[in-house]
>>> print(open('work-v7.tsv').read())   # TSV, C-alpha atoms
chain	number	residue	atom	x	y	z
Y	1036	MET	CA	62.91	104.87	107.70
Y	1037	ASP	CA	61.56	102.04	109.84
Y	1038	GLY	CA	64.15	99.68	111.22
Y	1039	VAL	CA	67.17	102.00	111.08
Y	1040	THR	CA	67.40	102.53	114.83
Y	1041	SER	CA	70.95	101.09	114.98
Y	1042	MET	CA	72.21	103.85	112.71
Y	1043	SER	CA	73.39	107.21	114.00
Y	1044	ASP	CA	71.22	110.31	114.08
Y	1045	ASN	CA	73.53	112.15	111.69
Y	1046	PHE	CA	73.37	109.37	109.11
Y	1047	LEU	CA	69.58	109.15	109.52
Y	1048	GLN	CA	69.35	112.86	108.89
Y	1049	ALA	CA	71.59	112.72	105.82
Y	1050	TYR	CA	69.67	109.74	104.46
Y	1051	ALA	CA	66.34	111.44	105.14
Y	1052	GLU	CA	67.51	114.50	103.18
Y	1053	LEU	CA	68.41	112.21	100.29
Y	1054	LEU	CA	64.98	110.56	100.39
Y	1055	ASP	CA	63.27	113.94	100.57
Y	1056	PHE	CA	65.20	115.16	97.54
Y	1057	ILE	CA	64.15	112.09	95.56
Y	1058	ALA	CA	60.53	112.51	96.65
Y	1059	ASN	CA	60.55	116.16	95.56
Y	1060	HIS	CA	61.94	115.30	92.14
Y	1061	PRO	CA	59.61	112.72	90.58
Y	1062	GLU	CA	61.76	112.74	87.44
Y	1063	ILE	CA	64.30	110.66	89.42
Y	1064	GLU	CA	63.58	106.95	89.11
Y	1065	ILE	CA	65.34	104.53	91.43
Y	1066	GLY	CA	63.75	101.12	91.57
Y	1067	GLU	CA	64.45	97.42	91.43
Y	1068	SER	CA	65.21	97.45	87.70
Y	1069	VAL	CA	65.72	101.14	86.90
Y	1070	THR	CA	68.15	103.91	87.88
Y	1071	SER	CA	67.48	107.20	86.10
Y	1072	ILE	CA	68.85	110.48	87.45
Y	1073	PRO	CA	68.40	113.30	84.93
Y	1074	GLU	CA	71.46	115.42	84.26
Y	1075	ASP	CA	69.96	118.66	85.58
Y	1076	VAL	CA	69.40	117.21	89.08
Y	1077	ARG	CA	72.38	114.87	89.15
Y	1078	PRO	CA	74.83	117.23	90.94
Y	1079	ASP	CA	72.34	117.95	93.75
Y	1080	PHE	CA	71.42	114.28	94.04
Y	1081	TYR	CA	75.02	113.16	94.38
Y	1082	ALA	CA	75.81	115.96	96.82
Y	1083	ARG	CA	73.26	114.41	99.19
Y	1084	PHE	CA	74.17	110.83	98.28
Y	1085	ASN	CA	77.85	111.49	98.97
Y	1086	SER	CA	77.06	113.35	102.17
Y	1087	ALA	CA	75.26	110.28	103.51
Y	1088	ARG	CA	78.24	108.08	102.61
Y	1089	ASN	CA	80.72	110.44	104.24
Y	1090	VAL	CA	78.68	110.73	107.43
Y	1091	PHE	CA	78.52	106.95	107.68
Y	1092	VAL	CA	82.32	106.66	107.46
Y	1093	GLU	CA	82.92	109.54	109.87
Y	1094	GLU	CA	80.69	108.08	112.56
Y	1095	LYS	CA	81.38	104.38	112.17
Y	1096	PHE	CA	85.13	104.52	111.53
Y	1097	PRO	CA	86.68	107.53	113.27
Y	1098	GLU	CA	89.83	105.54	114.17
Y	1099	TYR	CA	90.37	104.57	110.54
Y	1100	LEU	CA	90.06	108.20	109.49
Y	1101	SER	CA	92.41	109.40	112.23
Y	1102	LYS	CA	95.10	106.89	111.22
Y	1103	SER	CA	94.55	107.71	107.56
Y	1104	ARG	CA	94.92	111.46	108.07
Y	1105	ARG	CA	98.22	110.96	109.92
Y	1106	LEU	CA	99.52	108.67	107.19
Y	1107	GLN	CA	98.42	111.08	104.46
Y	1108	GLU	CA	100.14	113.98	106.21
Y	1109	GLU	CA	103.41	112.05	106.64
Y	1110	TYR	CA	103.33	110.73	103.08
Y	1111	TYR	CA	103.05	114.19	101.57
Y	1112	LYS	CA	105.76	115.48	103.90
Y	1113	ALA	CA	108.04	112.76	102.50
Y	1114	ILE	CA	107.08	113.79	98.98
Y	1115	ASP	CA	108.01	117.37	99.83
Y	1116	ASP	CA	111.36	116.21	101.25
Y	1117	ALA	CA	112.10	114.47	97.96
Y	1118	ALA	CA	110.76	117.34	95.85
Y	1119	GLY	CA	112.65	117.93	92.64
Y	1120	LEU	CA	114.15	114.44	92.65
Y	1121	LEU	CA	111.28	112.00	93.13
Y	1122	SER	CA	107.79	112.95	92.03
Y	1123	PRO	CA	105.09	110.26	91.75
Y	1124	GLU	CA	102.76	110.30	88.77
Y	1125	ASP	CA	99.72	108.23	87.93
Y	1126	ALA	CA	99.86	105.18	85.73
Y	1127	PRO	CA	97.15	104.93	83.03
Y	1128	GLU	CA	94.87	103.34	85.61
Y	1129	ILE	CA	94.63	104.98	89.05
Y	1130	ASN	CA	94.50	102.24	91.66
Y	1131	ARG	CA	92.71	102.25	94.99
Y	1132	LEU	CA	95.91	102.87	96.95
Y	1133	ARG	CA	96.58	106.10	95.07
Y	1134	ARG	CA	92.97	107.21	95.63
Y	1135	TYR	CA	93.29	106.40	99.34
Y	1136	LEU	CA	96.36	108.56	99.90
Y	1137	ARG	CA	94.79	111.41	97.96
Y	1138	ASP	CA	91.50	111.38	99.90
Y	1139	PRO	CA	91.14	108.68	102.58
Y	1140	LYS	CA	87.52	109.47	103.44
Y	1141	GLU	CA	86.39	109.44	99.82
Y	1142	SER	CA	88.29	106.20	99.26
Y	1143	LEU	CA	86.55	104.43	102.14
Y	1144	ALA	CA	83.17	105.95	101.24
Y	1145	ARG	CA	83.41	104.40	97.76
Y	1146	GLU	CA	82.62	101.08	99.43
Y	1147	LEU	CA	79.12	102.41	100.16
Y	1148	PHE	CA	78.21	103.26	96.57
Y	1149	ASP	CA	76.43	100.02	95.65
Y	1150	PRO	CA	75.07	99.26	99.15
Y	1151	LEU	CA	73.48	102.71	99.43
Y	1152	PHE	CA	71.84	102.43	96.02
Y	1153	ASP	CA	70.60	98.97	96.99
Y	1154	LEU	CA	69.14	100.46	100.18
Y	1155	LEU	CA	67.29	103.05	98.08
Y	1156	LYS	CA	66.04	100.24	95.84
Y	1157	LYS	CA	64.98	98.23	98.92
Y	1158	ARG	CA	67.27	95.38	97.94
Y	1159	GLU	CA	68.90	95.90	101.33
Y	1160	THR	CA	67.28	96.39	104.69
Y	1161	PRO	CA	68.81	99.06	106.92
Y	1162	ASP	CA	70.52	96.39	109.02
Y	1163	SER	CA	71.89	94.48	106.03
Y	1164	PHE	CA	73.06	97.75	104.47
Y	1165	GLU	CA	74.99	98.65	107.60
Y	1166	LYS	CA	76.60	95.21	107.82
Y	1167	ARG	CA	77.50	95.12	104.14
Y	1168	ALA	CA	78.89	98.66	104.09
Y	1169	SER	CA	80.90	98.11	107.26
Y	1170	ALA	CA	82.27	94.80	106.00
Y	1171	GLY	CA	83.50	96.44	102.79
Y	1172	ILE	CA	85.33	99.19	104.67
Y	1173	CYS	CA	86.81	96.73	107.18
Y	1174	GLU	CA	88.14	94.65	104.31
Y	1175	LEU	CA	89.58	97.59	102.38
Y	1176	PHE	CA	91.22	99.62	105.12
Y	1177	PRO	CA	93.99	97.22	106.24
Y	1178	VAL	CA	95.07	96.75	102.63
Y	1179	VAL	CA	95.27	100.41	101.65
Y	1180	TYR	CA	96.71	101.56	104.97
Y	1181	ARG	CA	99.53	99.02	104.83
Y	1182	GLY	CA	100.19	99.86	101.19
Y	1183	GLY	CA	100.22	103.59	101.93
Y	1184	TYR	CA	102.60	103.06	104.84
Y	1185	GLU	CA	104.88	101.09	102.52
Y	1186	LYS	CA	104.99	104.04	100.11
Y	1187	TRP	CA	105.99	106.34	102.99
Y	1188	VAL	CA	108.74	103.93	104.09
Y	1189	ILE	CA	110.13	103.76	100.54
Y	1190	LEU	CA	110.33	107.55	100.33
Y	1191	GLY	CA	111.92	107.64	103.77
Y	1192	LEU	CA	114.58	105.20	102.61
Y	1193	ALA	CA	115.29	107.28	99.52
Y	1194	ASN	CA	115.80	110.35	101.70
Y	1195	LEU	CA	118.09	108.47	104.12
Y	1196	LEU	CA	120.14	107.17	101.20
Y	1197	GLU	CA	120.87	110.78	100.23
Y	1198	ALA	CA	119.64	110.31	96.69
Y	1199	GLU	CA	121.50	112.58	94.29
Y	1200	LYS	CA	120.01	111.30	91.05
Y	1201	ALA	CA	116.90	109.34	90.10
Y	1202	LEU	CA	116.31	107.08	87.12
Y	1203	ARG	CA	113.37	105.19	85.68
Y	1204	VAL	CA	113.18	102.24	83.32
Y	1205	PRO	CA	110.82	103.27	80.49
Y	1206	VAL	CA	109.32	99.82	80.00
Y	1207	ARG	CA	106.44	99.74	77.56
Y	1208	GLU	CA	102.99	98.31	78.09
Y	1209	LEU	CA	101.35	95.47	76.21
Y	1210	GLN	CA	99.47	96.94	73.25
Y	1211	PRO	CA	96.43	95.61	71.37
Y	1212	GLY	CA	97.66	92.98	68.95
Y	1213	ASP	CA	100.81	92.19	70.98
Y	1214	ARG	CA	101.38	88.58	71.81
Y	1215	ALA	CA	101.01	87.49	75.44
Y	1216	LYS	CA	101.75	83.80	75.83
Y	1217	SER	CA	102.94	81.42	78.53
Y	1218	ALA	CA	106.43	82.04	79.89
Y	1219	ALA	CA	107.93	79.28	77.73
Y	1220	TYR	CA	106.64	80.92	74.54
Y	1221	ALA	CA	106.67	84.58	75.60
Y	1222	PRO	CA	108.19	86.96	73.02
Y	1223	MET	CA	111.73	88.22	73.55
Y	1224	GLU	CA	112.50	91.92	73.86
Y	1225	GLU	CA	115.24	94.12	75.31
Y	1226	VAL	CA	114.76	95.89	78.62
Y	1227	PRO	CA	115.20	99.65	78.03
Y	1228	SER	CA	118.20	101.34	79.62
Y	1229	PRO	CA	117.49	103.35	82.77
Y	1230	MET	CA	117.07	107.04	82.02
Y	1231	GLU	CA	117.42	110.00	84.34
Y	1232	SER	CA	114.02	111.31	85.41
Y	1233	SER	CA	112.44	112.96	88.43
Y	1234	ALA	CA	109.08	111.31	87.70
Y	1235	PHE	CA	108.17	107.75	88.60
Y	1236	PHE	CA	104.94	105.80	88.55
Y	1237	PHE	CA	103.15	105.65	91.90
Y	1238	SER	CA	102.22	102.11	90.82
Y	1239	GLN	CA	103.72	100.40	87.79
Y	1240	PRO	CA	101.24	99.82	84.93
Y	1241	ALA	CA	99.49	96.46	85.15
Y	1242	LYS	CA	100.30	95.66	81.52
Y	1243	ALA	CA	104.02	96.50	81.61
Y	1244	ILE	CA	105.85	93.78	79.69
Y	1245	PHE	CA	108.60	93.55	82.36
Y	1246	ALA	CA	108.67	94.04	86.12
Y	1247	VAL	CA	111.08	96.92	86.69
Y	1248	PRO	CA	111.93	99.06	89.74
Y	1249	ASP	CA	109.59	101.82	90.84
Y	1250	PHE	CA	112.71	103.96	90.59
Y	1251	ILE	CA	116.49	103.67	90.75
Y	1252	ILE	CA	118.44	106.23	92.75
Y	1253	ARG	CA	122.10	107.07	92.89
Y	1254	SER	CA	122.92	107.08	96.62
Y	1255	ALA	CA	125.58	109.53	97.75
Y	1256	LYS	CA	125.70	107.70	101.06
Y	1257	LEU	CA	126.46	104.30	99.52
Y	1258	ASN	CA	128.09	105.45	96.28
Y	1259	ARG	CA	125.89	102.84	94.61
Y	1260	PHE	CA	122.64	102.60	92.68
Y	1261	ILE	CA	119.58	101.37	94.58
Y	1262	GLY	CA	116.53	99.93	92.84
Y	1263	ILE	CA	113.29	99.60	94.81
Y	1264	ARG	CA	110.11	97.80	93.78
Y	1265	SER	CA	106.75	97.62	95.55
Y	1266	GLU	CA	103.42	96.13	94.40
Y	1267	PHE	CA	105.12	93.39	92.40
Y	1268	LYS	CA	103.50	92.22	89.17
Y	1269	GLU	CA	104.98	89.52	86.96
Y	1270	GLY	CA	106.48	90.21	83.56
Y	1271	ILE	CA	104.78	89.26	80.30
Y	1272	TYR	CA	107.76	89.07	77.91
Y	1273	ASN	CA	111.20	87.49	78.26
Y	1274	ALA	CA	114.20	89.79	78.45
Y	1275	LEU	CA	117.02	89.57	75.92
Y	1276	ASN	CA	119.47	91.48	78.10
Y	1277	ALA	CA	119.01	90.30	81.69
Y	1278	SER	CA	122.19	90.98	83.69
Y	1279	HIS	CA	124.61	88.04	83.94
Y	1280	GLU	CA	126.00	89.55	87.14
Y	1281	ARG	CA	122.75	88.94	89.02
Y	1282	GLU	CA	121.30	85.69	90.34
Y	1283	TRP	CA	117.94	84.60	88.94
Y	1284	TYR	CA	115.19	82.33	90.26
Y	1285	PRO	CA	112.58	80.61	88.08
Y	1286	VAL	CA	109.10	82.12	88.28
Y	1287	ASP	CA	106.48	79.70	89.60
Y	1288	VAL	CA	103.07	79.95	91.23
Y	1289	ASP	CA	104.39	79.81	94.81
Y	1290	LEU	CA	106.82	82.63	94.09
Y	1291	LEU	CA	104.11	84.82	92.58
Y	1292	ILE	CA	101.81	84.24	95.56
Y	1293	LEU	CA	104.64	85.16	97.93
Y	1294	LEU	CA	105.52	88.34	96.02
Y	1295	ALA	CA	101.88	89.42	95.83
Y	1296	SER	CA	101.67	89.70	99.62
Y	1297	GLY	CA	103.22	93.16	99.91
Y	1298	LEU	CA	106.99	92.68	100.00
Y	1299	THR	CA	109.29	95.55	99.08
Y	1300	LEU	CA	112.27	94.40	96.99
Y	1301	VAL	CA	115.55	96.30	97.29
Y	1302	TYR	CA	118.56	95.95	94.96
Y	1303	VAL	CA	122.01	97.54	95.16
Y	1304	ASP	CA	124.69	97.64	92.45
Y	1305	GLU	CA	127.46	99.76	91.01
Y	1306	ARG	CA	125.70	99.99	87.66
Y	1307	PRO	CA	122.02	100.91	87.21
Y	1308	GLU	CA	121.43	98.58	84.24
Y	1309	ARG	CA	122.15	95.60	86.48
Y	1310	VAL	CA	119.12	96.42	88.61
Y	1311	SER	CA	116.84	97.58	85.80
Y	1312	LEU	CA	114.98	94.24	85.57
Y	1313	ILE	CA	113.16	92.72	88.54
Y	1314	ALA	CA	111.47	89.92	86.59
Y	1315	ASP	CA	110.32	88.85	83.17
Y	1316	ALA	CA	107.91	86.08	82.23
Y	1317	SER	CA	110.22	83.25	83.33
Y	1318	LYS	CA	112.80	84.54	85.84
Y	1319	PHE	CA	113.01	86.71	88.94
Y	1320	CYS	CA	116.07	88.61	90.18
Y	1321	ARG	CA	117.23	87.64	93.66
Y	1322	PRO	CA	116.87	90.74	95.86
Y	1323	ASP	CA	119.65	92.10	98.02
Y	1324	LEU	CA	117.24	93.02	100.79
Y	1325	LEU	CA	113.62	92.33	101.69
Y	1326	LEU	CA	111.36	94.74	103.50
Y	1327	TRP	CA	107.82	94.14	104.69
Y	1328	CYS	CA	105.84	97.07	106.10
Y	1329	VAL	CA	103.13	96.11	108.58
Y	1330	ASP	CA	100.38	97.64	110.68
Y	1331	THR	CA	100.68	96.09	114.14
Y	1332	GLN	CA	96.91	96.34	114.64
Y	1333	ALA	CA	96.32	94.16	111.59
Y	1334	VAL	CA	98.97	91.46	112.07
Y	1335	SER	CA	100.54	90.00	115.20
Y	1336	ARG	CA	104.28	89.85	115.78
Y	1337	LYS	CA	104.15	86.06	115.56
Y	1338	GLU	CA	102.30	86.19	112.22
Y	1339	ALA	CA	104.68	88.80	110.85
Y	1340	LEU	CA	107.76	86.79	111.80
Y	1341	GLY	CA	106.28	83.59	110.42
Y	1342	LYS	CA	105.44	85.13	107.07
Y	1343	MET	CA	108.78	86.92	106.76
Y	1344	ALA	CA	110.63	83.72	107.62
Y	1345	ILE	CA	108.96	82.02	104.64
Y	1346	ALA	CA	109.90	84.90	102.34
Y	1347	ASP	CA	113.47	85.02	103.60
Y	1348	LEU	CA	113.95	81.27	103.20
Y	1349	ARG	CA	112.61	81.31	99.65
Y	1350	LEU	CA	114.29	84.47	98.35
Y	1351	ARG	CA	117.49	84.46	100.50
Y	1352	PRO	CA	118.25	88.18	100.17
Y	1353	SER	CA	122.00	88.61	100.60
Y	1354	ARG	CA	121.66	91.49	103.07
Y	1355	GLY	CA	118.81	90.17	105.14
Y	1356	SER	CA	115.13	90.84	105.70
Y	1357	PHE	CA	113.42	93.57	107.71
Y	1358	ILE	CA	109.96	94.09	109.11
Y	1359	ALA	CA	109.07	97.80	109.38
Y	1360	ALA	CA	106.24	98.22	111.90
Y	1361	ASN	CA	104.11	101.34	112.22
Y	1362	ASP	CA	103.88	100.84	115.99
Y	1363	SER	CA	105.14	98.55	118.72
Y	1364	TRP	CA	103.31	95.31	119.38
Y	1365	PRO	CA	101.77	94.90	122.81
Y	1366	GLU	CA	103.78	92.53	124.96
Y	1367	SER	CA	102.11	89.17	125.30
Y	1368	GLY	CA	101.24	88.13	128.82
Y	1369	ASP	CA	101.43	84.47	127.84
Y	1370	PRO	CA	104.88	83.10	128.81
Y	1371	ASP	CA	104.50	80.19	126.37
Y	1372	GLU	CA	103.89	82.60	123.49
Y	1373	LEU	CA	106.88	84.73	124.51
Y	1374	ARG	CA	109.04	81.62	124.65
Y	1375	ALA	CA	107.83	80.52	121.21
Y	1376	LEU	CA	108.60	83.95	119.75
Y	1377	ASN	CA	112.10	83.89	121.21
Y	1378	GLU	CA	112.69	80.45	119.74
Y	1379	GLN	CA	111.43	81.64	116.39
Y	1380	MET	CA	113.78	84.62	116.46
Y	1381	ARG	CA	116.74	82.40	117.29
Y	1382	GLY	CA	115.79	79.77	114.74
Y	1383	GLU	CA	114.35	80.09	111.27
Y	1384	ALA	CA	113.88	83.87	111.48
Y	1385	SER	CA	117.38	84.68	112.78
Y	1386	ARG	CA	118.17	86.70	109.64
Y	1387	ILE	CA	115.15	88.91	110.17
Y	1388	ARG	CA	115.22	92.18	112.04
Y	1389	VAL	CA	112.12	93.92	113.35
Y	1390	LEU	CA	112.13	97.73	113.35
Y	1391	THR	CA	109.52	99.80	115.14
Y	1392	VAL	CA	109.57	102.72	112.74
Y	1393	GLY	CA	106.37	104.64	113.29
Y	1394	PHE	CA	106.82	107.80	111.23
Y	1395	ASP	CA	110.46	108.39	112.19
Y	1396	CYS	CA	112.46	107.48	109.09
Y	1397	LEU	CA	115.69	107.50	111.13
Y	1398	GLN	CA	114.48	104.21	112.59
Y	1399	LEU	CA	115.15	102.75	109.12
Y	1400	SER	CA	118.90	103.37	109.55
Y	1401	PRO	CA	119.63	99.63	110.08
Y	1402	VAL	CA	118.34	99.04	106.54
Y	1403	ILE	CA	120.87	101.55	105.23
Y	1404	GLU	CA	123.61	99.89	107.28
Y	1405	ALA	CA	122.71	96.53	105.78
Y	1406	LEU	CA	122.91	97.95	102.27
Y	1407	CYS	CA	126.34	99.36	103.15
Y	1408	ASP	CA	127.52	95.87	104.07
Y	1409	ALA	CA	129.66	94.94	101.07
Y	1410	GLU	CA	129.90	91.34	102.22
Y	1411	GLY	CA	126.15	90.91	102.42
Y	1412	SER	CA	126.44	88.92	105.63
Y	1413	ALA	CA	123.38	87.62	107.44
Y	1414	ILE	CA	121.70	90.08	109.75
Y	1415	THR	CA	120.83	88.94	113.24
Y	1416	THR	CA	118.52	90.38	115.81
>>> encode(input="work-v7.tsv", output="structure tokens")
Amino acid sequence: MDGVTSMSDNFLQAYAELLDFIANHPEIEIGESVTSIPEDVRPDFYARFNSARNVFVEEKFPEYLSKSRRLQEEYYKAIDDAAGLLSPEDAPEINRLRRYLRDPKESLARELFDPLFDLLKKRETPDSFEKRASAGICELFPVVYRGGYEKWVILGLANLLEAEKALRVPVRELQPGDRAKSAAYAPMEEVPSPMESSAFFFSQPAKAIFAVPDFIIRSAKLNRFIGIRSEFKEGIYNALNASHEREWYPVDVDLLILLASGLTLVYVDERPERVSLIADASKFCRPDLLLWCVDTQAVSRKEALGKMAIADLRLRPSRGSFIAANDSWPESGDPDELRALNEQMRGEASRIRVLTVGFDCLQLSPVIEALCDAEGSAITT
């Protein structure tokens, strides 16, 4: 245990218990080129291994855990509010965002799996282990927290829209032997009709042949159908029956990079089949509204406005673009920065509205008002 003085006493104790267990069970082999943990001792080994990981996260990242617990609580409250109408289910592959909302501590502790084994194998020193483990958690947390907050916002919108019916588009996945070619030579297939269902994928399958909404709801408040898509992934096939009433953009690399950055796409129409396709291999449906959910501790107001201005200029949503922030940004004491932000809001980002939402879904009401705007006029701040 030499050299681990920078680590906490509780972690040192948990790690020492793990080392003692290994020492008392010579049948366990953990070395540079071997990892052998017999089945009869495996549960007890991993109980101690996982305890050490959990203690590390608890002591090094209490703020992350506190924010995560609040988000988890609010997310499941929103699920309860939508109970019977919207119920998320797992896609064939459970992604890290789903794991995070289920068990934030376990999700963050997963980042310590390889580093802790490498510490046992002496591939890592105590200091390098701590740096590597901390770096992994610091890289993961902003991504999963923002994504989890986005899921809460989407459910909050559905509740504000007074959803009276939910539909899903039962798009199939690419199967072994199916052809997956470039967009110009992608196979043609029809997009399935939306079907009434209370279940929707938490995250759309990665191999779905089309990009379709997470769900489509019939809004009693708008008397329209609303399609919402998060975690965009491009389509693989070309659609035979894309709606002629919608406007389409060609899919290119810049568009895919933009859409991969966490935008929520919102569509409104009188008929659900018109919003059943978000994108196929070659074209992308122009959204009616853009939403970007942000953590104000991870991105500055200036950065958020700059990024959203790029998205708004490229996608030109007819009913404007919104930034939904989990907290207010601290006011800058720099008058030049304040002046620059004001200029930005009056200039290129004038269609963008910033909402400090926190966990009060009523703060999303301006989004509902924008969707009610039949003319789709630009939204100003």
>>> residues_near_point(input="work-v7.tsv", point="(103.0, 104.2, 102.5)", cutoff="9 Å", atoms="all atoms listed in the file", output="ChimeraX atom specification")
/Y:1106-1107,1109-1110,1136,1179-1190,1328
>>> write_last_selection(input="work-v7.tsv", atoms="C-alpha atoms", output="mmCIF file, in the coordinates of the input")
data_model
loop_
_atom_site.group_PDB
_atom_site.id
_atom_site.type_symbol
_atom_site.label_atom_id
_atom_site.label_comp_id
_atom_site.auth_asym_id
_atom_site.auth_seq_id
_atom_site.Cartn_x
_atom_site.Cartn_y
_atom_site.Cartn_z
ATOM 1 C CA LEU Y 1106 99.520 108.670 107.190
ATOM 2 C CA GLN Y 1107 98.420 111.080 104.460
ATOM 3 C CA GLU Y 1109 103.410 112.050 106.640
ATOM 4 C CA TYR Y 1110 103.330 110.730 103.080
ATOM 5 C CA LEU Y 1136 96.360 108.560 99.900
ATOM 6 C CA VAL Y 1179 95.270 100.410 101.650
ATOM 7 C CA TYR Y 1180 96.710 101.560 104.970
ATOM 8 C CA ARG Y 1181 99.530 99.020 104.830
ATOM 9 C CA GLY Y 1182 100.190 99.860 101.190
ATOM 10 C CA GLY Y 1183 100.220 103.590 101.930
ATOM 11 C CA TYR Y 1184 102.600 103.060 104.840
ATOM 12 C CA GLU Y 1185 104.880 101.090 102.520
ATOM 13 C CA LYS Y 1186 104.990 104.040 100.110
ATOM 14 C CA TRP Y 1187 105.990 106.340 102.990
ATOM 15 C CA VAL Y 1188 108.740 103.930 104.090
ATOM 16 C CA ILE Y 1189 110.130 103.760 100.540
ATOM 17 C CA LEU Y 1190 110.330 107.550 100.330
ATOM 18 C CA CYS Y 1328 105.840 97.070 106.100
#
>>> residues_near_point(input="work-v7.tsv", point="(104.0, 112.4, 89.3)", cutoff="12 Å", atoms="only C-alpha atoms", output="list in words")
Ile1114, Ala1118, Gly1119, Leu1120, Leu1121, Ser1122, Pro1123, Glu1124, Asp1125, Ala1126, Pro1127, Ile1129, Arg1133, Ser1232, Ser1233, Ala1234, Phe1235, Phe1236, Phe1237 and Ser1238 of chain Y
>>> atom_distance(input="work-v7.tsv", atom1="atom CA of Ala1170 of chain Y", atom2="atom CA of Glu1146 of chain Y")
9.1 Å
>>> residues_around(input="work-v7.tsv", residues="Met1343 of chain Y", least_positions_apart="5", cutoff="8 Å", atoms="only C-alpha atoms", output="VMD selection string")
chain Y and resid 1327 1356 1358 1384 1387
>>> atom_distance(input="work-v7.tsv", atom1="atom CA of Pro1229 of chain Y", atom2="atom CA of Val1204 of chain Y")
4.5 Å
>>> closest_residue(input="work-v7.tsv", among="Y:Glu1338, Y:Asp1149, Y:Glu1225, Y:Glu1208", to="Leu1312 of chain Y", atoms="only C-alpha atoms")
Y:Glu1225
>>> atom_distance(input="work-v7.tsv", atom1="atom CA of Thr1391 of chain Y", atom2="atom CA of Val1310 of chain Y")
28.4 Å
>>> closest_residue(input="work-v7.tsv", among="Y:Val1286, Y:Thr1160, Y:Ala1117, Y:Asn1089", to="Pro1139 of chain Y", atoms="all atoms listed in the file")
Y:Asn1089
>>> closest_residue(input="work-v7.tsv", among="Y:Pro1161, Y:Gly1171, Y:Lys1200, Y:Glu1108", to="Arg1137 of chain Y", atoms="all atoms listed in the file")
Y:Glu1108
>>> closest_residue(input="work-v7.tsv", among="Y:Arg1281, Y:Arg1349, Y:Lys1268, Y:Lys1112", to="Ala1316 of chain Y", atoms="only C-alpha atoms")
Y:Lys1268
>>> residues_around(input="work-v7.tsv", residues="Asn1276 of chain Y", least_positions_apart="2", cutoff="7 Å", atoms="all atoms listed in the file", output="JSON, numbers by chain")
{"Y": [1225, 1226, 1274, 1278]}
